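Structure data follow from run14.json (JSON, C-alpha atoms):
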```json
[["chain", "number", "residue", "atom", "x", "y", "z"],
["A", 1340, "MET", "CA", 4.99, 25.49, 3.38],
["A", 1341, "ASP", "CA", 6.74, 22.16, 3.86],
["A", 1342, "ARG", "CA", 3.97, 19.57, 3.71],
["A", 1343, "ASN", "CA", 6.43, 16.74, 4.43],
["A", 1344, "LYS", "CA", 8.06, 18.13, 7.58],
["A", 1345, "LEU", "CA", 6.83, 15.20, 9.71],
["A", 1346, "HIS", "CA", 7.99, 12.61, 7.19],
["A", 1347, "HIS", "CA", 10.96, 10.34, 7.79],
["A", 1348, "VAL", "CA", 12.90, 8.63, 5.00],
["A", 1349, "VAL", "CA", 14.65, 5.31, 5.59],
["A", 1350, "GLU", "CA", 17.90, 5.43, 3.65],
["A", 1351, "PHE", "CA", 18.39, 2.83, 0.91],
["A", 1352, "GLY", "CA", 20.76, 0.10, 2.09],
["A", 1353, "SER", "CA", 20.69, 1.15, 5.75],
["A", 1354, "PRO", "CA", 20.36, -1.54, 8.46],
["A", 1355, "LEU", "CA", 16.73, -0.56, 8.99],
["A", 1356, "TRP", "CA", 16.03, -0.74, 5.24],
["A", 1357, "ILE", "CA", 17.62, -4.18, 5.08],
["A", 1358, "GLY", "CA", 15.60, -5.36, 8.08],
["A", 1359, "MET", "CA", 12.31, -4.11, 6.60],
["A", 1360, "ASN", "CA", 12.94, -5.86, 3.29],
["A", 1361, "ILE", "CA", 14.05, -9.11, 4.94],
["A", 1362, "PHE", "CA", 10.75, -9.01, 6.86],
["A", 1363, "LEU", "CA", 8.88, -8.53, 3.58],
["A", 1364, "VAL", "CA", 10.60, -11.37, 1.73],
["A", 1365, "MET", "CA", 10.59, -13.86, 4.61],
["A", 1366, "GLY", "CA", 7.00, -13.04, 5.51],
["A", 1367, "LEU", "CA", 5.77, -13.53, 1.95],
["A", 1368, "PHE", "CA", 7.72, -16.77, 1.55],
["A", 1369, "SER", "CA", 6.47, -18.18, 4.85],
["A", 1370, "ILE", "CA", 2.78, -17.45, 4.31],
["A", 1371, "LEU", "CA", 2.74, -18.61, 0.70],
["A", 1372, "PHE", "CA", 4.83, -21.72, 1.38],
["A", 1373, "PHE", "CA", 2.96, -23.03, 4.42],
["A", 1374, "SER", "CA", -0.47, -22.35, 2.92],
["A", 1375, "ARG", "CA", 0.08, -24.08, -0.39],
["A", 1376, "ASN", "CA", -1.54, -27.43, 0.53],
["A", 1377, "LEU", "CA", -4.31, -26.19, 2.83],
["A", 1378, "SER", "CA", -8.00, -26.45, 2.05],
["A", 1379, "ASP", "CA", -9.74, -23.46, 0.48],
["A", 1380, "ASP", "CA", -11.63, -22.84, 3.72],
["A", 1381, "LYS", "CA", -8.40, -22.63, 5.72],
["A", 1382, "LYS", "CA", -6.82, -20.40, 3.08],
["A", 1383, "TRP", "CA", -9.73, -17.96, 3.33],
["A", 1384, "LYS", "CA", -9.35, -17.97, 7.13],
["A", 1385, "ILE", "CA", -5.67, -17.10, 6.75],
["A", 1386, "GLY", "CA", -6.58, -14.25, 4.41],
["A", 1387, "GLN", "CA", -9.25, -12.97, 6.79],
["A", 1388, "THR", "CA", -6.83, -13.19, 9.71],
["A", 1389, "LEU", "CA", -4.30, -11.13, 7.75],
["A", 1390, "ALA", "CA", -7.00, -8.56, 6.96],
["A", 1391, "SER", "CA", -8.04, -8.39, 10.63],
["A", 1392, "ILE", "CA", -4.44, -7.84, 11.76],
["A", 1393, "MET", "CA", -4.09, -5.01, 9.23],
["A", 1394, "LEU", "CA", -7.29, -3.31, 10.41],
["A", 1395, "ILE", "CA", -6.24, -3.61, 14.05],
["A", 1396, "ASN", "CA", -2.82, -2.22, 13.13],
["A", 1397, "MET", "CA", -4.46, 0.76, 11.39],
["A", 1398, "VAL", "CA", -6.85, 1.51, 14.24],
["A", 1399, "LEU", "CA", -4.09, 1.09, 16.83],
["A", 1400, "GLY", "CA", -1.95, 3.56, 14.89],
["A", 1401, "HIS", "CA", -4.64, 6.22, 15.26],
["A", 1402, "ILE", "CA", -5.12, 5.42, 18.95],
["A", 1403, "VAL", "CA", -1.38, 5.74, 19.60],
["A", 1404, "GLY", "CA", -1.37, 9.00, 17.65],
["A", 1405, "PHE", "CA", -4.13, 10.46, 19.82],
["A", 1406, "ALA", "CA", -2.57, 9.11, 23.03],
["A", 1407, "THR", "CA", 0.85, 10.63, 22.26],
["A", 1408, "ASP", "CA", -0.60, 13.86, 20.84],
["A", 1409, "THR", "CA", 1.07, 13.18, 17.49],
["A", 1410, "TRP", "CA", -2.12, 12.68, 15.47],
["A", 1411, "SER", "CA", -2.91, 15.53, 13.09],
["A", 1412, "ILE", "CA", -5.55, 16.10, 10.45],
["A", 1413, "ARG", "CA", -2.82, 17.20, 8.04],
["A", 1414, "ASP", "CA", -0.82, 13.98, 8.23],
["A", 1415, "SER", "CA", -2.83, 11.20, 9.86],
["A", 1416, "LEU", "CA", -6.04, 10.76, 7.88],
["A", 1417, "PRO", "CA", -6.20, 7.48, 5.91],
["A", 1418, "LEU", "CA", -6.15, 9.24, 2.53],
["A", 1419, "HIS", "CA", -3.12, 7.70, 0.84],
["A", 1420, "LEU", "CA", -3.68, 4.91, -1.68],
["A", 1421, "CYS", "CA", -1.93, 2.52, 0.69],
["A", 1422, "SER", "CA", -4.45, 3.40, 3.41],
["A", 1423, "PHE", "CA", -7.26, 2.68, 0.97],
["A", 1424, "SER", "CA", -5.53, -0.58, 0.09],
["A", 1425, "VAL", "CA", -5.52, -1.75, 3.71],
["A", 1426, "ILE", "CA", -9.31, -1.41, 3.69],
["A", 1427, "LEU", "CA", -9.47, -3.14, 0.30],
["A", 1428, "VAL", "CA", -7.66, -6.19, 1.73],
["A", 1429, "ALA", "CA", -10.41, -6.54, 4.33],
["A", 1430, "ILE", "CA", -13.22, -6.03, 1.79],
["A", 1431, "ALA", "CA", -11.68, -8.51, -0.65],
["A", 1432, "MET", "CA", -11.06, -11.16, 2.03],
["A", 1433, "PHE", "CA", -14.42, -10.95, 3.76],
["A", 1434, "THR", "CA", -16.73, -10.33, 0.78],
["A", 1435, "LYS", "CA", -14.75, -12.48, -1.70],
["A", 1436, "LYS", "CA", -15.69, -10.01, -4.46],
["A", 1437, "GLN", "CA", -13.70, -9.43, -7.64],
["A", 1438, "MET", "CA", -13.70, -5.62, -7.79],
["A", 1439, "PRO", "CA", -11.92, -4.93, -4.47],
["A", 1440, "TYR", "CA", -9.37, -7.59, -5.43],
["A", 1441, "GLU", "CA", -8.60, -5.81, -8.70],
["A", 1442, "PHE", "CA", -8.27, -2.40, -7.06],
["A", 1443, "LEU", "CA", -6.02, -3.97, -4.42],
["A", 1444, "ILE", "CA", -3.51, -5.57, -6.78],
["A", 1445, "PHE", "CA", -3.09, -2.38, -8.82],
["A", 1446, "TRP", "CA", -3.14, 0.16, -6.00],
["A", 1447, "GLY", "CA", -0.93, -2.20, -4.04],
["A", 1448, "ALA", "CA", 1.84, -1.66, -6.58],
["A", 1449, "GLY", "CA", 2.78, 1.43, -4.59],
["A", 1450, "ALA", "CA", 3.38, -0.70, -1.49],
["A", 1451, "VAL", "CA", 6.38, -2.25, -3.26],
["A", 1452, "HIS", "CA", 7.96, 1.20, -3.46],
["A", 1453, "SER", "CA", 7.10, 1.69, 0.20],
["A", 1454, "PHE", "CA", 9.75, -0.94, 0.94],
["A", 1455, "LEU", "CA", 12.19, 0.08, -1.78],
["A", 1456, "THR", "CA", 12.11, 3.78, -0.85],
["A", 1457, "PRO", "CA", 10.36, 3.97, 2.55],
["A", 1458, "GLU", "CA", 8.92, 7.30, 3.65],
["A", 1459, "MET", "CA", 6.73, 7.34, 6.75],
["A", 1460, "THR", "CA", 4.94, 9.93, 8.82],
["A", 1461, "VAL", "CA", 6.40, 9.83, 12.31],
["A", 1462, "GLY", "CA", 4.27, 12.69, 13.61],
["A", 1463, "GLY", "CA", 7.22, 14.46, 15.20],
["A", 1464, "GLY", "CA", 8.01, 11.25, 17.11],
["A", 1465, "LEU", "CA", 8.47, 11.55, 20.84],
["A", 1466, "ASP", "CA", 11.43, 9.19, 21.21],
["A", 1467, "SER", "CA", 13.20, 6.26, 19.60],
["A", 1468, "ASN", "CA", 10.63, 3.78, 20.93],
["A", 1469, "TYR", "CA", 7.84, 5.75, 19.29],
["A", 1470, "ASN", "CA", 9.67, 5.79, 15.97],
["A", 1471, "ILE", "CA", 10.33, 2.04, 16.23],
["A", 1472, "TYR", "CA", 6.60, 1.54, 16.75],
["A", 1473, "ARG", "CA", 5.79, 3.65, 13.67],
["A", 1474, "THR", "CA", 8.29, 1.64, 11.62],
["A", 1475, "ILE", "CA", 6.65, -1.62, 12.72],
["A", 1476, "GLU", "CA", 3.17, -0.24, 12.00],
["A", 1477, "TYR", "CA", 4.30, 0.96, 8.56],
["A", 1478, "SER", "CA", 5.93, -2.38, 7.75],
["A", 1479, "ILE", "CA", 2.90, -4.43, 8.79],
["A", 1480, "SER", "CA", 0.44, -2.36, 6.78],
["A", 1481, "HIS", "CA", 2.47, -2.34, 3.56],
["A", 1482, "PHE", "CA", 3.47, -5.98, 3.93],
["A", 1483, "GLY", "CA", -0.20, -6.87, 4.31],
["A", 1484, "ILE", "CA", -1.11, -5.01, 1.12],
["A", 1485, "ILE", "CA", 1.48, -6.88, -0.96],
["A", 1486, "CYS", "CA", 0.80, -10.21, 0.74],
["A", 1487, "GLY", "CA", -2.98, -9.79, 0.53],
["A", 1488, "GLY", "CA", -2.92, -9.27, -3.22],
["A", 1489, "LEU", "CA", -0.52, -12.15, -3.87],
["A", 1490, "PHE", "CA", -2.43, -14.46, -1.52],
["A", 1491, "LEU", "CA", -5.70, -13.77, -3.30],
["A", 1492, "THR", "CA", -4.08, -14.51, -6.64],
["A", 1493, "MET", "CA", -1.88, -17.48, -5.78],
["A", 1494, "ARG", "CA", -3.86, -19.22, -3.05],
["A", 1495, "LEU", "CA", -7.47, -18.06, -3.42],
["A", 1496, "ASN", "CA", -7.70, -18.47, -7.20],
["A", 1497, "ARG", "CA", -8.30, -14.88, -8.19],
["A", 1498, "ILE", "CA", -7.23, -13.51, -11.57],
["A", 1499, "PRO", "CA", -7.65, -9.97, -12.95],
["A", 1500, "ASN", "CA", -10.23, -9.54, -15.69],
["A", 1501, "LYS", "CA", -9.37, -8.23, -19.13],
["A", 1502, "LYS", "CA", -8.57, -4.48, -19.13],
["A", 1503, "SER", "CA", -9.07, -4.31, -15.36],
["A", 1504, "TRP", "CA", -5.84, -2.29, -15.17],
["A", 1505, "LEU", "CA", -7.42, 0.37, -17.40],
["A", 1506, "LYS", "CA", -10.64, 0.45, -15.39],
["A", 1507, "VAL", "CA", -8.75, 0.92, -12.12],
["A", 1508, "PHE", "CA", -6.49, 3.57, -13.69],
["A", 1509, "LEU", "CA", -9.50, 5.60, -14.86],
["A", 1510, "TYR", "CA", -11.20, 5.35, -11.47],
["A", 1511, "THR", "CA", -7.95, 6.39, -9.83],
["A", 1512, "GLN", "CA", -8.08, 9.67, -11.77],
["A", 1513, "LEU", "CA", -11.28, 10.53, -9.92],
["A", 1514, "THR", "CA", -9.41, 10.51, -6.62],
["A", 1515, "LEU", "CA", -6.93, 13.18, -7.72],
["A", 1516, "PRO", "CA", -9.21, 16.26, -7.70],
["A", 1517, "ILE", "CA", -10.91, 15.10, -4.50],
["A", 1518, "ILE", "CA", -7.66, 14.54, -2.61],
["A", 1519, "GLY", "CA", -6.22, 17.66, -4.20],
["A", 1520, "LEU", "CA", -9.04, 19.78, -2.76],
["A", 1521, "ILE", "CA", -8.57, 18.18, 0.65],
["A", 1522, "ASN", "CA", -4.84, 18.96, 0.50],
["A", 1523, "TRP", "CA", -5.59, 22.55, -0.48],
["A", 1524, "ALA", "CA", -8.01, 22.96, 2.42],
["A", 1525, "LEU", "CA", -5.81, 21.29, 5.06],
["A", 1526, "GLY", "CA", -2.33, 22.16, 3.84],
["A", 1527, "SER", "CA", -1.66, 18.41, 3.64],
["A", 1528, "ASN", "CA", 0.06, 16.16, 1.11],
["A", 1529, "TYR", "CA", -2.07, 13.05, 0.88],
["A", 1530, "MET", "CA", -1.18, 10.83, -2.10],
["A", 1531, "TYR", "CA", 1.86, 13.10, -2.56],
["A", 1532, "ILE", "CA", 0.12, 15.24, -5.16],
["A", 1533, "SER", "CA", 0.79, 18.61, -3.50],
["A", 1534, "GLN", "CA", 4.52, 18.16, -2.90],
["A", 1535, "ARG", "CA", 6.93, 15.53, -4.16],
["A", 1536, "PRO", "CA", 7.96, 12.85, -1.65],
["A", 1537, "GLU", "CA", 11.21, 13.21, 0.25],
["A", 1538, "ALA", "CA", 12.35, 9.69, -0.65],
["A", 1539, "ASN", "CA", 14.91, 9.43, -3.44],
["A", 1540, "ASN", "CA", 12.76, 7.43, -5.84],
["A", 1541, "PRO", "CA", 14.18, 7.49, -9.41],
["A", 1542, "MET", "CA", 10.66, 7.34, -10.84],
["A", 1543, "ILE", "CA", 9.83, 10.76, -9.41],
["A", 1544, "ILE", "CA", 11.31, 13.34, -11.76],
["A", 1545, "GLY", "CA", 11.06, 17.12, -11.44],
["A", 1546, "GLU", "CA", 9.18, 19.33, -9.05],
["A", 1547, "TRP", "CA", 5.48, 20.03, -8.58],
["A", 1548, "PRO", "CA", 3.40, 19.76, -10.68],
["A", 1549, "TYR", "CA", 5.57, 18.19, -13.40],
["A", 1550, "TYR", "CA", 6.46, 15.04, -11.48],
["A", 1551, "ILE", "CA", 2.73, 14.20, -11.34],
["A", 1552, "ILE", "CA", 2.63, 13.93, -15.14],
["A", 1553, "GLY", "CA", 5.54, 11.52, -15.05],
["A", 1554, "LEU", "CA", 3.89, 9.53, -12.28],
["A", 1555, "GLU", "CA", 0.80, 9.04, -14.42],
["A", 1556, "VAL", "CA", 2.98, 7.27, -17.00],
["A", 1557, "VAL", "CA", 4.69, 5.27, -14.26],
["A", 1558, "VAL", "CA", 1.31, 4.25, -12.82],
["A", 1559, "ILE", "CA", 0.08, 2.96, -16.18],
["A", 1560, "VAL", "CA", 3.27, 0.94, -16.66],
["A", 1561, "HIS", "CA", 2.98, -0.50, -13.15],
["A", 1562, "PHE", "CA", -0.70, -1.38, -13.59],
["A", 1563, "ILE", "CA", -0.02, -3.21, -16.86],
["A", 1564, "ALA", "CA", 2.97, -5.02, -15.34],
["A", 1565, "PHE", "CA", 0.98, -6.09, -12.29],
["A", 1566, "TYR", "CA", -1.89, -7.22, -14.51],
["A", 1567, "TYR", "CA", 0.39, -9.65, -16.35],
["A", 1568, "LEU", "CA", 2.21, -10.60, -13.15],
["A", 1569, "HIS", "CA", -0.97, -11.65, -11.35],
["A", 1570, "LYS", "CA", -2.32, -13.27, -14.48],
["A", 1571, "ALA", "CA", 0.84, -15.39, -14.67],
["A", 1572, "LEU", "CA", 0.84, -16.24, -10.95],
["A", 1573, "SER", "CA", -2.82, -17.25, -10.77],
["A", 1574, "PRO", "CA", -3.51, -21.01, -10.91],
["A", 1575, "VAL", "CA", -6.72, -20.12, -12.78],
["A", 1576, "LYS", "CA", -6.43, -19.53, -16.50],
["A", 1577, "LYS", "CA", -9.25, -17.71, -18.30],
["A", 1578, "SER", "CA", -9.30, -17.20, -22.04],
["A", 1579, "GLN", "CA", -11.00, -13.82, -21.63],
["A", 1580, "THR", "CA", -8.12, -12.41, -19.60]]
```
How would this structure read if it were set down as C-alpha cells?
Amino acid sequence: MDRNKLHHVVEFGSPLWIGMNIFLVMGLFSILFFSRNLSDDKKWKIGQTLASIMLINMVLGHIVGFATDTWSIRDSLPLHLCSFSVILVAIAMFTKKQMPYEFLIFWGAGAVHSFLTPEMTVGGGLDSNYNIYRTIEYSISHFGIICGGLFLTMRLNRIPNKKSWLKVFLYTQLTLPIIGLINWALGSNYMYISQRPEANNPMIIGEWPYYIIGLEVVVIVHFIAFYYLHKALSPVKKSQT
C-alpha cells in the first residue's frame, strides 16, 4: 500500500520552490521589520490576526476538500505536527500562555523543512488551479507556524524555559503510538511514521521503520538548536534559562 500516493513533492530549486521560499523570507522580514516599534497591544493584535488567518486557512482547506470531493479521512485529518502547530499559534496568541508557545517553537522546527523540502497532499487535484490553491494554503499555514514562533519570541517577549526542549520531546513521544494506531486503522501516514516521506530530505535515512530511529536523533538536535536560537533572539534574558 502506497500511503503517499496523493502527495506532491516540489522539487528543490524549481521555480515554485524558489517562489515559496521568497514568500517565506520576505514575509518574515516584513512582519518583523514593520512591527519592531509598535506598542505591545498592537503587537499582540498582529499576532492574533496572524493566528486568525491561519485558522481560516485551515478551515477553508477542509471546505474546499469537501466541495471538490478531494477530502479523505486517510489524508486530510489535521494529525500532522504542523497541523497541531497551526492550532498552537492560535492558543499561544489568544491565551498568552507559556506552554503552547514552547510546543510551537519546537514542533514548528518541522515547518522549516516544509519549505526546504516541500511535500503536500493535493488530494488527487482536479486541475492546475486546484493545485495552485493547495500550494498557497500549504505556504500560508507553514509560514504562519514559523512566523508565529519568531513573533512571540522577538516581538512579544517570550523565551523558552530551561529544559523546555526536553519536556516537549518527551511529550512528543506520546503522540507516536496514538498516531501510529490511527495510521494502522485508516491506512494513513500522518506524521510520516508509517511510510517515509517522498521528499528527498537528507535527514531521512533508510526505510521504515529504521528512518524513524534516525528522526528521533534529528528531532532532539533540532529542539536543542531551536531552544538556543529562540533564547538568543528573545529580548528578555532570564538567568534560569
- Closest of A:Ile1392, A:Ile1402, A:Met1530, A:Leu1525 to Ile1551 in chain A, counting all atoms listed in the file, is A:Met1530
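One finds CA of Ala1450 in chain A at 20.3 Å from CA of Leu1513 in chain A.
Counting all atoms listed in the file and comparing A:Asn1360, A:Asn1470, A:Ser1374, A:Ser1369, the residue that lies closest to His1346 in chain A is A:Asn1470.
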- Query: In Å, with one decimal, what is the gap from CA of Trp1410 in chain A to CA of Met1340 in chain A?
  - Reply: 19.0 Å
- Note on the structure: Of A:Phe1442, A:Phe1368, A:Phe1423, A:Phe1562, the one nearest to Cys1486 in chain A when counting only C-alpha atoms is A:Phe1368
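One finds CA of Val1461 in chain A at 11.4 Å from CA of Thr1407 in chain A.
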- Message: So that I can check the surroundings of Ser1533 in chain A, please list as a ChimeraX atom specification every protein, DNA and RNA residue that reaches within 8 Å of it, counting only C-alpha atoms and ignoring chain neighbours fewer than 2 positions away.
- Response: /A:1342,1519,1522,1527-1529,1531,1535,1547-1548
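Between His1347 in chain A and the candidates A:Pro1439, A:Pro1516, A:Gly1553, A:Pro1536, the tightest atom-to-atom separation, counting only C-alpha atoms, involves A:Pro1536.
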Spatial sel., origin (4.7, -20.0, -3.0), limit 10 Å, all atoms listed in the file, listed as a tab-separated table (two decimals) with C-alpha atoms, in the frame of the given file:
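That gives us selection13.tsv:
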```
chain	number	residue	atom	x	y	z
A	1367	LEU	CA	5.77	-13.53	1.95
A	1368	PHE	CA	7.72	-16.77	1.55
A	1369	SER	CA	6.47	-18.18	4.85
A	1370	ILE	CA	2.78	-17.45	4.31
A	1371	LEU	CA	2.74	-18.61	0.70
A	1372	PHE	CA	4.83	-21.72	1.38
A	1373	PHE	CA	2.96	-23.03	4.42
A	1374	SER	CA	-0.47	-22.35	2.92
A	1375	ARG	CA	0.08	-24.08	-0.39
A	1489	LEU	CA	-0.52	-12.15	-3.87
A	1490	PHE	CA	-2.43	-14.46	-1.52
A	1493	MET	CA	-1.88	-17.48	-5.78
A	1494	ARG	CA	-3.86	-19.22	-3.05
A	1572	LEU	CA	0.84	-16.24	-10.95
```
For the point (-14.6, -8.8, 1.5) in the file's frame, write as a PDB file with C-alpha atoms, keeping the file's coordinate frame all residues with an atom no more than 12 Å away, counting all atoms listed in the file.
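Resulting contents of out-v6.pdb:
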```pdb
ATOM      1  CA  TRP A1383      -9.730 -17.960   3.330  1.00  0.00           C
ATOM      2  CA  LYS A1384      -9.350 -17.970   7.130  1.00  0.00           C
ATOM      3  CA  GLY A1386      -6.580 -14.250   4.410  1.00  0.00           C
ATOM      4  CA  GLN A1387      -9.250 -12.970   6.790  1.00  0.00           C
ATOM      5  CA  ALA A1390      -7.000  -8.560   6.960  1.00  0.00           C
ATOM      6  CA  SER A1391      -8.040  -8.390  10.630  1.00  0.00           C
ATOM      7  CA  VAL A1425      -5.520  -1.750   3.710  1.00  0.00           C
ATOM      8  CA  ILE A1426      -9.310  -1.410   3.690  1.00  0.00           C
ATOM      9  CA  LEU A1427      -9.470  -3.140   0.300  1.00  0.00           C
ATOM     10  CA  VAL A1428      -7.660  -6.190   1.730  1.00  0.00           C
ATOM     11  CA  ALA A1429     -10.410  -6.540   4.330  1.00  0.00           C
ATOM     12  CA  ILE A1430     -13.220  -6.030   1.790  1.00  0.00           C
ATOM     13  CA  ALA A1431     -11.680  -8.510  -0.650  1.00  0.00           C
ATOM     14  CA  MET A1432     -11.060 -11.160   2.030  1.00  0.00           C
ATOM     15  CA  PHE A1433     -14.420 -10.950   3.760  1.00  0.00           C
ATOM     16  CA  THR A1434     -16.730 -10.330   0.780  1.00  0.00           C
ATOM     17  CA  LYS A1435     -14.750 -12.480  -1.700  1.00  0.00           C
ATOM     18  CA  LYS A1436     -15.690 -10.010  -4.460  1.00  0.00           C
ATOM     19  CA  GLN A1437     -13.700  -9.430  -7.640  1.00  0.00           C
ATOM     20  CA  MET A1438     -13.700  -5.620  -7.790  1.00  0.00           C
ATOM     21  CA  PRO A1439     -11.920  -4.930  -4.470  1.00  0.00           C
ATOM     22  CA  TYR A1440      -9.370  -7.590  -5.430  1.00  0.00           C
ATOM     23  CA  LEU A1443      -6.020  -3.970  -4.420  1.00  0.00           C
ATOM     24  CA  GLY A1487      -2.980  -9.790   0.530  1.00  0.00           C
ATOM     25  CA  LEU A1491      -5.700 -13.770  -3.300  1.00  0.00           C
TER      26      LEU A1491
END
```
Fewer than 3 positions away in the same chain doesn't count, so skip those; otherwise give me all residues within 7 Å of Met1393 in chain A, counting all atoms listed in the file, as a compact mmCIF listing (two decimals) with C-alpha atoms, in the frame of the given file.
```txt
# COMPACT_ATOMS: atom_id res chain seq x y z
CA LEU A 1389 -4.30 -11.13 7.75
CA ALA A 1390 -7.00 -8.56 6.96
CA ASN A 1396 -2.82 -2.22 13.13
CA MET A 1397 -4.46 0.76 11.39
CA VAL A 1425 -5.52 -1.75 3.71
CA SER A 1480 0.44 -2.36 6.78
CA GLY A 1483 -0.20 -6.87 4.31
```
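Among the candidates A:Asn1468, A:Ser1573, A:Ser1422, A:Thr1514, the residue lying nearest to Arg1497 in chain A is A:Ser1573 (atoms considered: all atoms listed in the file).
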- Item | Of the listed residues A:Leu1416, A:Ile1385, A:Ile1444, A:Leu1377, that which approaches Ser1503 in chain A most closely, counting only C-alpha atoms | A:Ile1444
